[in-house]
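Okay, data30.txt is below, compact mmCIF, C-alpha atoms and all ligand atoms:
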```
# COMPACT_ATOMS: atom_id res chain seq x y z
CA MET A 30 -9.87 -6.20 20.90
CA PRO A 31 -9.94 -3.18 18.59
CA THR A 32 -8.58 -3.15 15.07
CA VAL A 33 -6.43 -0.12 14.35
CA PHE A 34 -6.04 1.32 10.86
CA ILE A 35 -3.24 3.77 10.09
CA CYS A 36 -3.40 6.48 7.47
CA GLU A 37 -1.51 9.60 6.60
CA ALA A 38 -2.55 12.59 8.76
CA GLY A 39 -5.48 14.36 7.13
CA TRP A 40 -6.97 11.18 5.64
CA GLU A 41 -8.76 9.94 8.79
CA ALA A 42 -12.27 10.95 7.64
CA ALA A 43 -11.82 9.37 4.19
CA LEU A 44 -10.55 6.20 5.85
CA ALA A 45 -13.40 6.14 8.38
CA ASP A 46 -15.95 6.49 5.56
CA GLU A 47 -14.31 3.71 3.61
CA LEU A 48 -14.35 1.43 6.67
CA ARG A 49 -18.08 2.11 7.10
CA ARG A 50 -18.61 1.05 3.48
CA THR A 51 -16.26 -1.91 3.64
CA LEU A 52 -16.50 -3.67 6.99
CA PRO A 53 -19.70 -5.65 7.38
CA GLY A 54 -21.98 -5.28 10.39
CA PRO A 55 -22.56 -2.70 13.08
CA SER A 56 -18.94 -2.65 14.21
CA ALA A 57 -18.15 -0.48 11.24
CA CYS A 58 -20.17 2.34 12.78
CA GLU A 59 -18.21 2.43 16.00
CA LEU A 60 -15.21 4.22 14.69
CA ASP A 61 -12.95 6.52 16.57
CA ALA A 62 -11.30 8.71 13.95
CA LEU A 63 -8.42 10.58 15.49
CA PRO A 64 -6.61 13.56 14.02
CA GLU A 65 -3.26 11.81 14.26
CA GLY A 66 -3.29 9.43 11.37
CA ARG A 67 -5.23 6.54 12.79
CA VAL A 68 -8.74 5.18 12.97
CA VAL A 69 -9.63 2.72 15.67
CA VAL A 70 -12.50 0.31 15.09
CA LYS A 71 -13.47 0.05 18.74
CA SER A 72 -15.73 -2.95 18.85
CA GLU A 73 -14.64 -6.30 17.57
CA PRO A 74 -15.13 -6.30 13.80
CA ARG A 75 -17.48 -9.20 13.12
CA ALA A 76 -15.63 -12.42 12.48
CA ASP A 77 -16.65 -12.30 8.83
CA ALA A 78 -15.01 -8.89 8.40
CA ALA A 79 -11.57 -10.40 8.07
CA ALA A 80 -12.98 -13.52 6.37
CA SER A 81 -14.18 -11.34 3.51
CA ALA A 82 -10.60 -10.06 3.02
CA PRO A 83 -11.45 -6.33 3.13
CA ILE A 84 -9.73 -3.96 0.73
CA VAL A 85 -9.16 -0.61 2.46
CA ALA A 86 -7.43 1.72 0.04
CA PHE A 87 -7.06 4.66 2.43
CA ALA A 88 -5.34 2.59 5.13
CA SER A 89 -1.58 2.46 4.93
CA GLN A 90 -1.53 -0.28 7.54
CA VAL A 91 -3.85 -2.38 9.71
CA LEU A 92 -3.14 -3.71 13.21
CA PRO A 93 -5.48 -6.67 13.70
CA ASP A 94 -6.49 -7.47 17.33
CA ALA A 95 -4.53 -4.51 18.60
CA GLU A 96 -4.11 -4.77 22.36
CA PRO A 97 -3.85 -1.36 24.08
CA CYS A 98 -0.57 -1.01 25.94
CA ALA A 99 0.69 1.56 28.47
CA ALA A 100 4.33 1.73 29.53
CA ALA A 101 6.01 4.55 31.40
CA SER A 102 9.58 3.92 30.25
CA ILE A 103 11.53 2.32 27.41
CA SER A 104 12.35 -0.73 29.54
CA GLN A 105 8.67 -1.11 30.50
CA TRP A 106 7.77 -1.05 26.80
CA ALA A 107 10.35 -3.78 26.19
CA ASP A 108 9.05 -5.90 29.10
CA ALA A 109 5.40 -5.53 28.10
CA VAL A 110 5.94 -6.36 24.43
CA CYS A 111 8.37 -9.20 25.22
CA GLU A 112 5.74 -10.78 27.46
CA ARG A 113 3.06 -10.58 24.76
CA ILE A 114 5.27 -11.91 21.99
CA SER A 115 6.46 -14.77 24.20
CA ALA A 116 2.92 -15.74 25.14
CA ARG A 117 1.83 -15.95 21.49
CA LEU A 118 4.89 -17.03 19.55
CA ASP A 119 7.33 -18.80 21.88
CA GLN A 120 5.83 -22.26 21.31
CA ALA A 121 5.51 -21.81 17.55
CA SER A 122 8.27 -22.67 15.10
CA THR A 123 7.41 -20.03 12.52
CA PRO A 124 9.40 -16.92 11.59
CA TRP A 125 8.14 -13.50 12.61
CA ARG A 126 9.01 -9.91 11.92
CA LEU A 127 8.88 -6.84 14.09
CA HIS A 128 7.60 -3.39 13.14
CA VAL A 129 7.89 -0.65 15.76
CA PHE A 130 6.55 2.72 14.65
CA ALA A 131 4.53 5.72 15.79
CA THR A 132 1.71 7.96 14.69
CA PRO A 133 2.49 11.66 15.37
CA PHE A 134 2.53 12.52 19.08
CA ALA A 135 0.37 15.32 20.49
CA ASP A 136 3.43 17.60 20.73
CA GLY A 137 3.90 17.22 16.97
CA SER A 138 6.98 14.99 17.17
CA THR A 139 7.18 11.92 14.95
CA GLY A 140 8.14 9.56 17.75
CA ALA A 141 10.94 8.17 15.55
CA GLY A 142 13.62 8.46 18.26
CA ARG A 143 11.48 6.72 20.86
CA THR A 144 10.42 3.90 18.54
CA LYS A 145 14.07 3.12 17.82
CA LEU A 146 14.84 3.01 21.53
CA VAL A 147 11.84 0.73 22.16
CA ARG A 148 12.87 -1.59 19.34
CA ASP A 149 16.48 -1.81 20.52
CA ALA A 150 15.42 -2.42 24.13
CA LEU A 151 12.96 -5.11 23.05
CA VAL A 152 15.56 -6.94 20.96
CA ALA A 153 18.02 -6.73 23.91
CA LYS A 154 15.35 -8.13 26.23
CA LEU A 155 14.56 -11.00 23.86
CA ARG A 156 18.28 -11.75 23.58
CA GLU A 157 18.42 -11.98 27.35
CA VAL A 158 15.33 -14.11 28.01
CA ARG A 159 14.04 -15.57 24.69
CA ARG A 160 17.07 -16.31 22.56
CA ARG A 161 15.36 -19.01 20.43
CA LEU A 162 12.40 -16.78 19.73
CA LEU A 163 14.75 -13.98 18.68
CA ARG A 164 16.57 -16.34 16.30
CA ARG A 165 13.30 -16.81 14.38
CA MET A 166 12.94 -13.05 13.85
CA ASN A 167 13.14 -12.22 10.12
CA GLU A 168 15.22 -9.13 9.59
CA ALA A 169 15.80 -9.68 5.86
CA ALA A 170 13.46 -9.00 2.93
CA GLU A 171 10.76 -6.37 3.31
CA ASP A 172 8.47 -7.04 0.41
CA ALA A 173 7.66 -10.76 0.60
CA TRP A 174 6.42 -12.83 3.52
CA LEU A 175 8.13 -16.07 4.50
CA PRO A 176 5.88 -19.14 4.75
CA GLY A 177 4.02 -19.07 8.06
CA GLU A 178 5.49 -15.72 9.03
CA ALA A 179 3.80 -13.68 11.78
CA LEU A 180 3.84 -9.89 12.00
CA VAL A 181 4.34 -8.20 15.36
CA GLN A 182 3.50 -4.49 15.31
CA VAL A 183 4.15 -2.08 18.15
CA LEU A 184 2.45 1.27 17.57
CA LEU A 185 3.29 4.20 19.84
CA THR A 186 0.50 6.77 19.85
CA SER A 187 2.26 8.75 22.60
CA PRO A 188 5.55 8.18 24.46
CA THR A 189 3.73 6.03 27.03
CA GLU A 190 0.72 4.58 25.18
CA GLY A 191 0.03 2.53 22.15
CA PHE A 192 -0.99 -0.86 20.81
CA VAL A 193 0.59 -4.26 20.26
CA SER A 194 -0.75 -6.41 17.44
CA ILE A 195 0.36 -9.94 16.63
CA ALA A 196 -0.96 -11.25 13.31
CA GLU A 197 -0.14 -14.88 12.74
CA GLU A 198 -0.40 -16.38 9.26
CA GLU A 199 -4.19 -16.87 9.26
CA SER A 200 -4.88 -13.30 10.33
CA ARG A 201 -2.22 -11.99 7.99
CA ARG A 202 -3.88 -13.76 5.06
CA ALA A 203 -7.35 -12.55 6.05
CA TRP A 204 -6.12 -8.94 6.07
CA ARG A 205 -3.91 -9.44 3.00
CA TYR A 206 -5.23 -6.42 1.11
CA CYS A 207 -4.52 -4.05 4.02
CA LEU A 208 -1.59 -5.56 5.87
CA SER A 209 1.67 -4.30 4.45
CA PRO A 210 5.09 -5.92 4.84
CA PHE A 211 6.53 -2.38 5.01
CA VAL A 212 6.75 -0.67 8.42
CA GLY A 213 3.54 1.30 9.02
CA GLY A 214 2.72 0.52 5.38
CA MET A 215 4.90 3.44 4.32
CA ILE A 216 7.53 3.57 1.58
CA GLU A 217 9.79 6.58 1.29
CA PRO A 218 9.03 8.06 -2.18
CA ALA A 219 11.91 7.58 -4.64
CA VAL A 220 13.88 10.63 -5.78
CA ASP A 221 15.30 11.08 -9.29
CA LYS A 222 16.08 14.62 -10.40
CA LEU A 223 16.42 13.50 -14.03
CA ALA A 224 12.81 12.28 -14.28
CA PRO A 225 10.41 14.67 -16.05
CA SER A 226 8.25 14.90 -12.91
CA ARG A 227 7.93 13.42 -9.44
CA ALA A 228 5.06 11.22 -10.65
CA PHE A 229 7.62 8.50 -11.40
CA ALA A 230 7.76 7.77 -7.63
CA LYS A 231 4.24 6.34 -7.86
CA LEU A 232 5.26 3.71 -10.40
CA VAL A 233 8.42 2.82 -8.46
CA GLU A 234 6.38 2.41 -5.27
CA ALA A 235 3.76 0.28 -7.03
CA GLU A 236 6.53 -1.99 -8.35
CA LEU A 237 7.89 -2.38 -4.80
CA ARG A 238 4.50 -3.17 -3.36
CA LEU A 239 3.77 -5.62 -6.15
CA GLY A 240 7.20 -7.23 -5.76
CA ARG A 241 7.69 -7.06 -9.52
CA LYS A 242 9.74 -4.61 -11.56
CA ILE A 243 9.38 -3.76 -15.23
CA GLN A 244 12.01 -5.91 -17.00
CA PRO A 245 14.26 -5.25 -20.02
CA GLY A 246 12.43 -6.06 -23.25
CA GLU A 247 8.96 -6.02 -21.70
CA THR A 248 6.20 -4.16 -23.55
CA CYS A 249 4.41 -1.30 -21.78
CA VAL A 250 1.39 0.73 -22.82
CA ASP A 251 1.52 4.04 -20.94
CA LEU A 252 -1.86 5.80 -21.08
CA GLY A 253 -1.88 9.51 -20.21
CA SER A 254 1.87 9.51 -20.51
CA ALA A 255 2.97 13.19 -20.71
CA PRO A 256 5.31 14.68 -19.62
CA GLY A 257 6.70 11.17 -19.39
CA SER A 258 8.09 10.20 -16.01
CA TRP A 259 6.42 6.76 -16.04
CA ALA A 260 7.70 6.23 -19.59
CA TYR A 261 11.13 7.44 -18.41
CA THR A 262 11.11 4.81 -15.63
CA ALA A 263 10.03 2.02 -17.99
CA LEU A 264 12.69 3.04 -20.55
CA GLU A 265 15.32 3.14 -17.77
CA ARG A 266 14.37 -0.48 -17.03
CA GLY A 267 14.97 -1.38 -20.69
CA ALA A 268 11.33 -1.79 -21.68
CA LEU A 269 9.57 -0.95 -24.97
CA VAL A 270 6.99 1.77 -24.42
CA THR A 271 3.92 2.81 -26.37
CA ALA A 272 3.04 6.22 -24.93
CA ILE A 273 -0.46 7.63 -25.45
CA ASP A 274 -1.34 11.25 -24.77
CA ARG A 275 -2.74 14.35 -26.37
CA SER A 276 0.51 16.20 -25.60
CA PRO A 277 4.01 15.05 -26.48
CA LEU A 278 6.50 13.79 -23.88
CA ARG A 279 9.82 15.42 -23.06
CA ASP A 280 12.04 15.68 -26.18
CA ASP A 281 14.67 13.13 -25.14
CA LEU A 282 11.94 10.53 -24.50
CA MET A 283 10.22 11.28 -27.83
CA SER A 284 13.48 10.50 -29.65
CA ASN A 285 14.16 7.28 -27.73
CA PRO A 286 14.06 4.38 -30.25
CA ARG A 287 12.28 2.18 -27.69
CA LEU A 288 9.38 4.63 -27.38
CA THR A 289 6.44 4.96 -29.77
CA PHE A 290 4.26 8.01 -29.21
CA LEU A 291 0.63 8.02 -30.33
CA LYS A 292 -1.36 11.22 -30.11
CA THR A 293 -4.76 9.71 -29.54
CA ASP A 294 -7.50 9.17 -26.97
CA ALA A 295 -6.25 6.79 -24.28
CA PHE A 296 -9.75 5.37 -23.84
CA GLU A 297 -9.96 4.45 -27.54
CA TYR A 298 -6.55 2.79 -27.71
CA PHE A 299 -6.52 -0.99 -27.36
CA PRO A 300 -3.64 -2.86 -29.03
CA SER A 301 -4.31 -5.97 -31.08
CA GLU A 302 -1.89 -8.05 -28.99
CA PRO A 303 -1.65 -8.24 -25.17
CA VAL A 304 1.25 -6.40 -23.54
CA ASP A 305 3.35 -7.05 -20.45
CA TRP A 306 2.34 -3.87 -18.60
CA LEU A 307 -0.65 -1.57 -18.65
CA LEU A 308 0.38 1.76 -17.12
CA SER A 309 -2.25 4.46 -16.73
CA ASP A 310 -2.02 7.80 -14.98
CA ILE A 311 -4.83 9.47 -16.96
CA ILE A 312 -6.63 12.37 -15.31
CA ALA A 313 -10.23 11.21 -15.69
CA PHE A 314 -13.38 10.40 -13.72
CA PRO A 315 -13.00 7.26 -11.59
CA ASP A 316 -15.89 5.57 -13.45
CA ARG A 317 -14.03 5.83 -16.74
CA ILE A 318 -10.83 4.42 -15.21
CA CYS A 319 -12.87 1.58 -13.72
CA GLU A 320 -14.31 0.75 -17.16
CA LEU A 321 -10.86 0.91 -18.71
CA LEU A 322 -9.47 -1.43 -16.05
CA ALA A 323 -12.40 -3.82 -16.48
CA ARG A 324 -11.75 -4.05 -20.22
CA TRP A 325 -7.98 -4.56 -20.01
CA LEU A 326 -8.15 -7.06 -17.16
CA GLY A 327 -11.30 -8.75 -18.45
CA GLU A 328 -9.56 -9.53 -21.74
CA ARG A 329 -6.30 -10.43 -19.98
CA HIS A 330 -4.66 -7.84 -22.19
CA CYS A 331 -1.76 -7.18 -19.80
CA ARG A 332 0.33 -9.41 -17.57
CA ALA A 333 0.80 -6.67 -14.98
CA PHE A 334 -0.69 -3.25 -14.39
CA CYS A 335 -0.33 0.01 -12.49
CA VAL A 336 -3.34 2.31 -12.78
CA THR A 337 -4.06 5.55 -10.92
CA VAL A 338 -7.61 6.42 -9.82
CA LYS A 339 -7.92 10.16 -9.23
CA PHE A 340 -10.53 11.88 -7.07
CA ARG A 341 -11.91 15.38 -7.61
CA GLY A 342 -13.56 15.51 -4.18
CA ARG A 343 -14.39 13.13 -1.36
CA ASP A 344 -17.67 12.24 -3.11
CA ASP A 345 -15.57 10.27 -5.59
CA ASP A 346 -14.11 8.02 -2.89
CA ALA A 347 -17.07 5.63 -2.96
CA LYS A 348 -16.33 4.94 -6.65
CA LEU A 349 -13.42 2.86 -5.37
CA GLU A 350 -15.93 0.16 -4.47
CA SER A 351 -16.53 -0.53 -8.20
CA VAL A 352 -12.77 -0.69 -8.76
CA LYS A 353 -12.55 -3.23 -5.92
CA ASP A 354 -15.27 -5.35 -7.60
CA VAL A 355 -13.36 -5.31 -10.89
CA LEU A 356 -10.11 -6.30 -9.17
CA ARG A 357 -11.71 -9.08 -7.10
CA GLY A 358 -13.35 -10.57 -10.18
CA SER A 359 -10.26 -10.25 -12.37
CA GLY A 360 -8.22 -13.31 -11.42
CA TYR A 361 -5.15 -11.08 -11.05
CA ARG A 362 -3.12 -10.86 -7.83
CA PHE A 363 -3.62 -7.23 -6.92
CA GLY A 364 -3.35 -4.36 -4.47
CA LEU A 365 -5.37 -1.16 -4.22
CA ARG A 366 -4.22 1.63 -1.93
CA ARG A 367 -3.37 5.23 -1.61
CA LEU A 368 0.38 5.08 -2.11
CA THR A 369 2.79 7.08 0.04
CA ALA A 370 3.62 8.96 -3.18
CA ASN A 371 -0.06 9.54 -4.06
CA LYS A 372 -1.83 12.82 -3.48
CA ASN A 373 -5.61 12.89 -4.02
CA GLU A 374 -5.65 9.50 -5.72
CA ALA A 375 -5.21 5.79 -5.21
CA CYS A 376 -3.35 3.18 -7.21
CA ALA A 377 -4.43 -0.25 -8.44
CA TYR A 378 -1.58 -2.61 -9.28
CA GLY A 379 -1.38 -6.30 -9.95
CA GLU A 380 -0.17 -9.23 -12.02
CA LEU A 381 -1.55 -12.43 -13.48
C1 LIG B 401 -1.00 13.15 -14.49
S1 LIG B 401 -0.60 13.32 -16.17
C2 LIG B 401 0.40 11.90 -16.43
C3 LIG B 401 1.76 11.99 -15.85
C4 LIG B 401 2.66 10.90 -16.33
N1 LIG B 401 2.31 9.62 -15.75
C5 LIG B 401 4.10 11.19 -15.99
O1 LIG B 401 4.64 10.44 -15.18
O2 LIG B 401 4.68 12.12 -16.53
C6 LIG B 401 -2.08 12.89 -16.96
C7 LIG B 401 -2.03 12.92 -18.47
O3 LIG B 401 -3.22 12.33 -18.95
C8 LIG B 401 -3.47 12.92 -20.21
N2 LIG B 401 -4.84 12.62 -20.62
C9 LIG B 401 -5.99 12.92 -19.98
N3 LIG B 401 -7.05 12.42 -20.67
C10 LIG B 401 -6.54 11.78 -21.74
C11 LIG B 401 -7.12 11.04 -22.81
N4 LIG B 401 -8.45 10.85 -22.90
N5 LIG B 401 -6.30 10.52 -23.74
C12 LIG B 401 -4.97 10.69 -23.67
N6 LIG B 401 -4.36 11.36 -22.67
C13 LIG B 401 -5.14 11.90 -21.72
C14 LIG B 401 -3.17 14.38 -20.00
O4 LIG B 401 -2.90 15.02 -21.21
C15 LIG B 401 -1.96 14.31 -19.05
O5 LIG B 401 -0.77 14.47 -19.78
```

Written as structure tokens, that's how I'd like the structure from this file.
Ligand SMILES: C[S@@+](CC[C@H](N)C(=O)[O-])C[C@H]1O[C@@H](n2cnc3c(N)ncnc32)[C@H](O)[C@@H]1O
Amino acid sequence: MPTVFICEAGWEAALADELRRTLPGPSACELDALPEGRVVVKSEPRADAAASAPIVAFASQVLPDAEPCAAASISQWADAVCERISARLDQASTPWRLHVFATPFADGSTGAGRTKLVRDALVAKLREVRRRLLRRMNEAAEDAWLPGEALVQVLLTSPTEGFVSIAEEESRRAWRYCLSPFVGGMIEPAVDKLAPSRAFAKLVEAELRLGRKIQPGETCVDLGSAPGSWAYTALERGALVTAIDRSPLRDDLMSNPRLTFLKTDAFEYFPSEPVDWLLSDIIAFPDRICELLARWLGERHCRAFCVTVKFRGRDDDAKLESVKDVLRGSGYRFGLRRLTANKNEACAYGEL
């Protein structure tokens, strides 16, 4: 069965290239990159692909073992998906969650209306014929998985076609760096008109994905801090911020007693004591950010981190492989992905 990777429209080629670099074996070459925000790995990725826990930064979501599905009407969608879920999960005792979403349809519509109808019809069908299975459906927390939880994803690629993927715990763990607990892997970027810039949405999203927020009293080093929206977010949370930049931050932040501003080179700065958070949004070559990350994580100089890796062109994408090596060898629990709030960049986040 194919494996389907979802990305934001326009990022298919970058994702396909990353899959070629990342997935082992010939399967990686048989990619079907479509201009609608998805890449289908057509042949079975070799068994060791998932075993190696691939990190695919340009994928917002993965659908392991995605079974193609065609259904002419909403009720046929509900019947087809109900049958598949029942066959796989009815005898189990584990919880499961349901994501129904779409990649843009050929007519340009988002498919949001139809996915809601499919979801509602499926839940109604389960209530009718599989009440016990429905009772095990987890409709609560988004960010953390329950023990043993399975993920059922229904992807509509057109009103009448799509894929159904059921990832039980083992598969979910194998794809842990790609499989998001958020629907389609997307998080609506946060809005705060008082922040100095929209960049703050990146930090808020990284916190959500990490399942850990900056806490009151925590110490943060914010490298490449100006004009200060990451510092603003950390200060809002009650943290103590050391902000490093060549330019000052917005006036109100500069006068905040919990902020220390140092006009110095962010790559030279390394405090004598470890801090709670390393924040970095420096505009710099990916290699330099990778070295910076290696030093901070290698010396366990932060308990958590959120670091942006920026690309000048697509040639820089492959530099992500070195970042992946640093993260894998770090001993931190981590994620690396292009956030919903990211533009031409990706974000590494993690905690000890
Ligand atoms: C994208 S902006 C940071 C935005 C910030 N996170 C915010 O939310 O407002 C990047 C910053 O990195 C700073 N920068 C780039 N290279 C630097 C270096 N070597 N040392 C210190 N700051 C640097 C730039 O001056 C710029 O202000």

> Quick one: residues within 10 Å of ligand LIG 401 (chain B), with all atoms listed in the file, as number ranges by chain?
Replying inline: A: 224-232, 251-262, 272-279, 291-298, 308-314, 317, 336-337, 339

When you draw a straight line from CA of Phe363 (chain A) to CA of Leu239 (chain A), how long is it in Å?
->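 Interatomic distance, CA of Phe363 (chain A) to CA of Leu239 (chain A): 7.6 Å.
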
Self-check item: Residue contacts of Ala45 (chain A) (10 Å, all atoms listed in the file) excluding same-chain residues fewer than 3 positions away, as a PyMOL selection string
Solution: chain A and resi 34+40-42+48-51+57-63+67-70+85+87-88

* Compare A:Glu265, A:Glu199, A:Asp221, A:Glu380 by their minimum atom-to-atom distance to Leu288 (chain A), counting all atoms listed in the file, and give me the closest one. =>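 Nearest to Leu288 (chain A): A:Glu265.
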
A:Leu349, A:Leu175, A:Leu356, A:Ala116: which is nearest Leu326 (chain A), counting all atoms listed in the file?
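With all atoms listed in the file as the atom set, the closest residue is A:Leu356.
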
**Prompt:** When distances are computed from only C-alpha atoms, which of A:His128, A:Lys154, A:His330, A:Arg324 shows the smallest separation from Glu302 (chain A)?
**Reply:**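 Nearest candidate to Glu302 (chain A) out of A:His128, A:Lys154, A:His330, A:Arg324: A:His330.
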
Here is a test: counting all atoms listed in the file, which residue of A:Ala235, A:Leu151, A:Ala173, A:Leu365 is nearest to Val129 (chain A)?
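For Val129 (chain A), the nearest of the candidates is A:Leu151.
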
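Taking CA of Ala121 (chain A) as the reference point, CA of Gly214 (chain A) is found at 25.6 Å.
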
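With all atoms listed in the file as the atoms that count, the minimum distance from Ala219 (chain A) to the choices A:Ala323, A:Ala370, A:Ala109, A:Ala375 is reached by A:Ala370.
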
One residue among A:Thr271, A:Thr144, A:Ser209, A:Thr369 is nearest to Pro300 (chain A) when using all atoms listed in the file, and that residue is A:Thr271

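Straight-line separation from CA of Pro188 (chain A) to CA of Gln105 (chain A): 11.5 Å.
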
Name all residues at most 10 Å from Ile243 (chain A) (count only C-alpha atoms; drop same-chain ones fewer than 5 positions away) and give them as a compact mmCIF listing (two decimals) with C-alpha atoms, in the frame of the given file.
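The file below, out-v5.txt, is the result:
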```txt
# COMPACT_ATOMS: atom_id res chain seq x y z
CA LEU A 232 5.26 3.71 -10.40
CA VAL A 233 8.42 2.82 -8.46
CA GLU A 236 6.53 -1.99 -8.35
CA THR A 248 6.20 -4.16 -23.55
CA CYS A 249 4.41 -1.30 -21.78
CA THR A 262 11.11 4.81 -15.63
CA ALA A 263 10.03 2.02 -17.99
CA LEU A 264 12.69 3.04 -20.55
CA GLU A 265 15.32 3.14 -17.77
CA ARG A 266 14.37 -0.48 -17.03
CA GLY A 267 14.97 -1.38 -20.69
CA ALA A 268 11.33 -1.79 -21.68
CA ASP A 305 3.35 -7.05 -20.45
CA TRP A 306 2.34 -3.87 -18.60
CA ALA A 333 0.80 -6.67 -14.98
```

Quiz item: Neighbours of Trp325 (chain A) within 10 Å (only C-alpha atoms; same-chain residues fewer than 3 positions away dropped), as an MDAnalysis selection string?
Solution: chainID A and resid 299 303 307 320:322 328:332 334 359

Could the centre and edge lengths of an axis-aligned box, enclosing all atoms of region 213-229 of chain A in the file with 3 Å extra on each side, be given in Å to one decimal as AutoDock Vina command-line options?
```
--center_x 9.6 --center_y 7.7 --center_z -3.5 --size_x 19.7 --size_y 20.4 --size_z 31.1
```

| Which residues come within 9 Å of Pro97 (chain A), counting all atoms listed in the file, excluding same-chain residues fewer than 6 positions away, as a PyMOL selection string? | chain A and resi 30-31+190-194
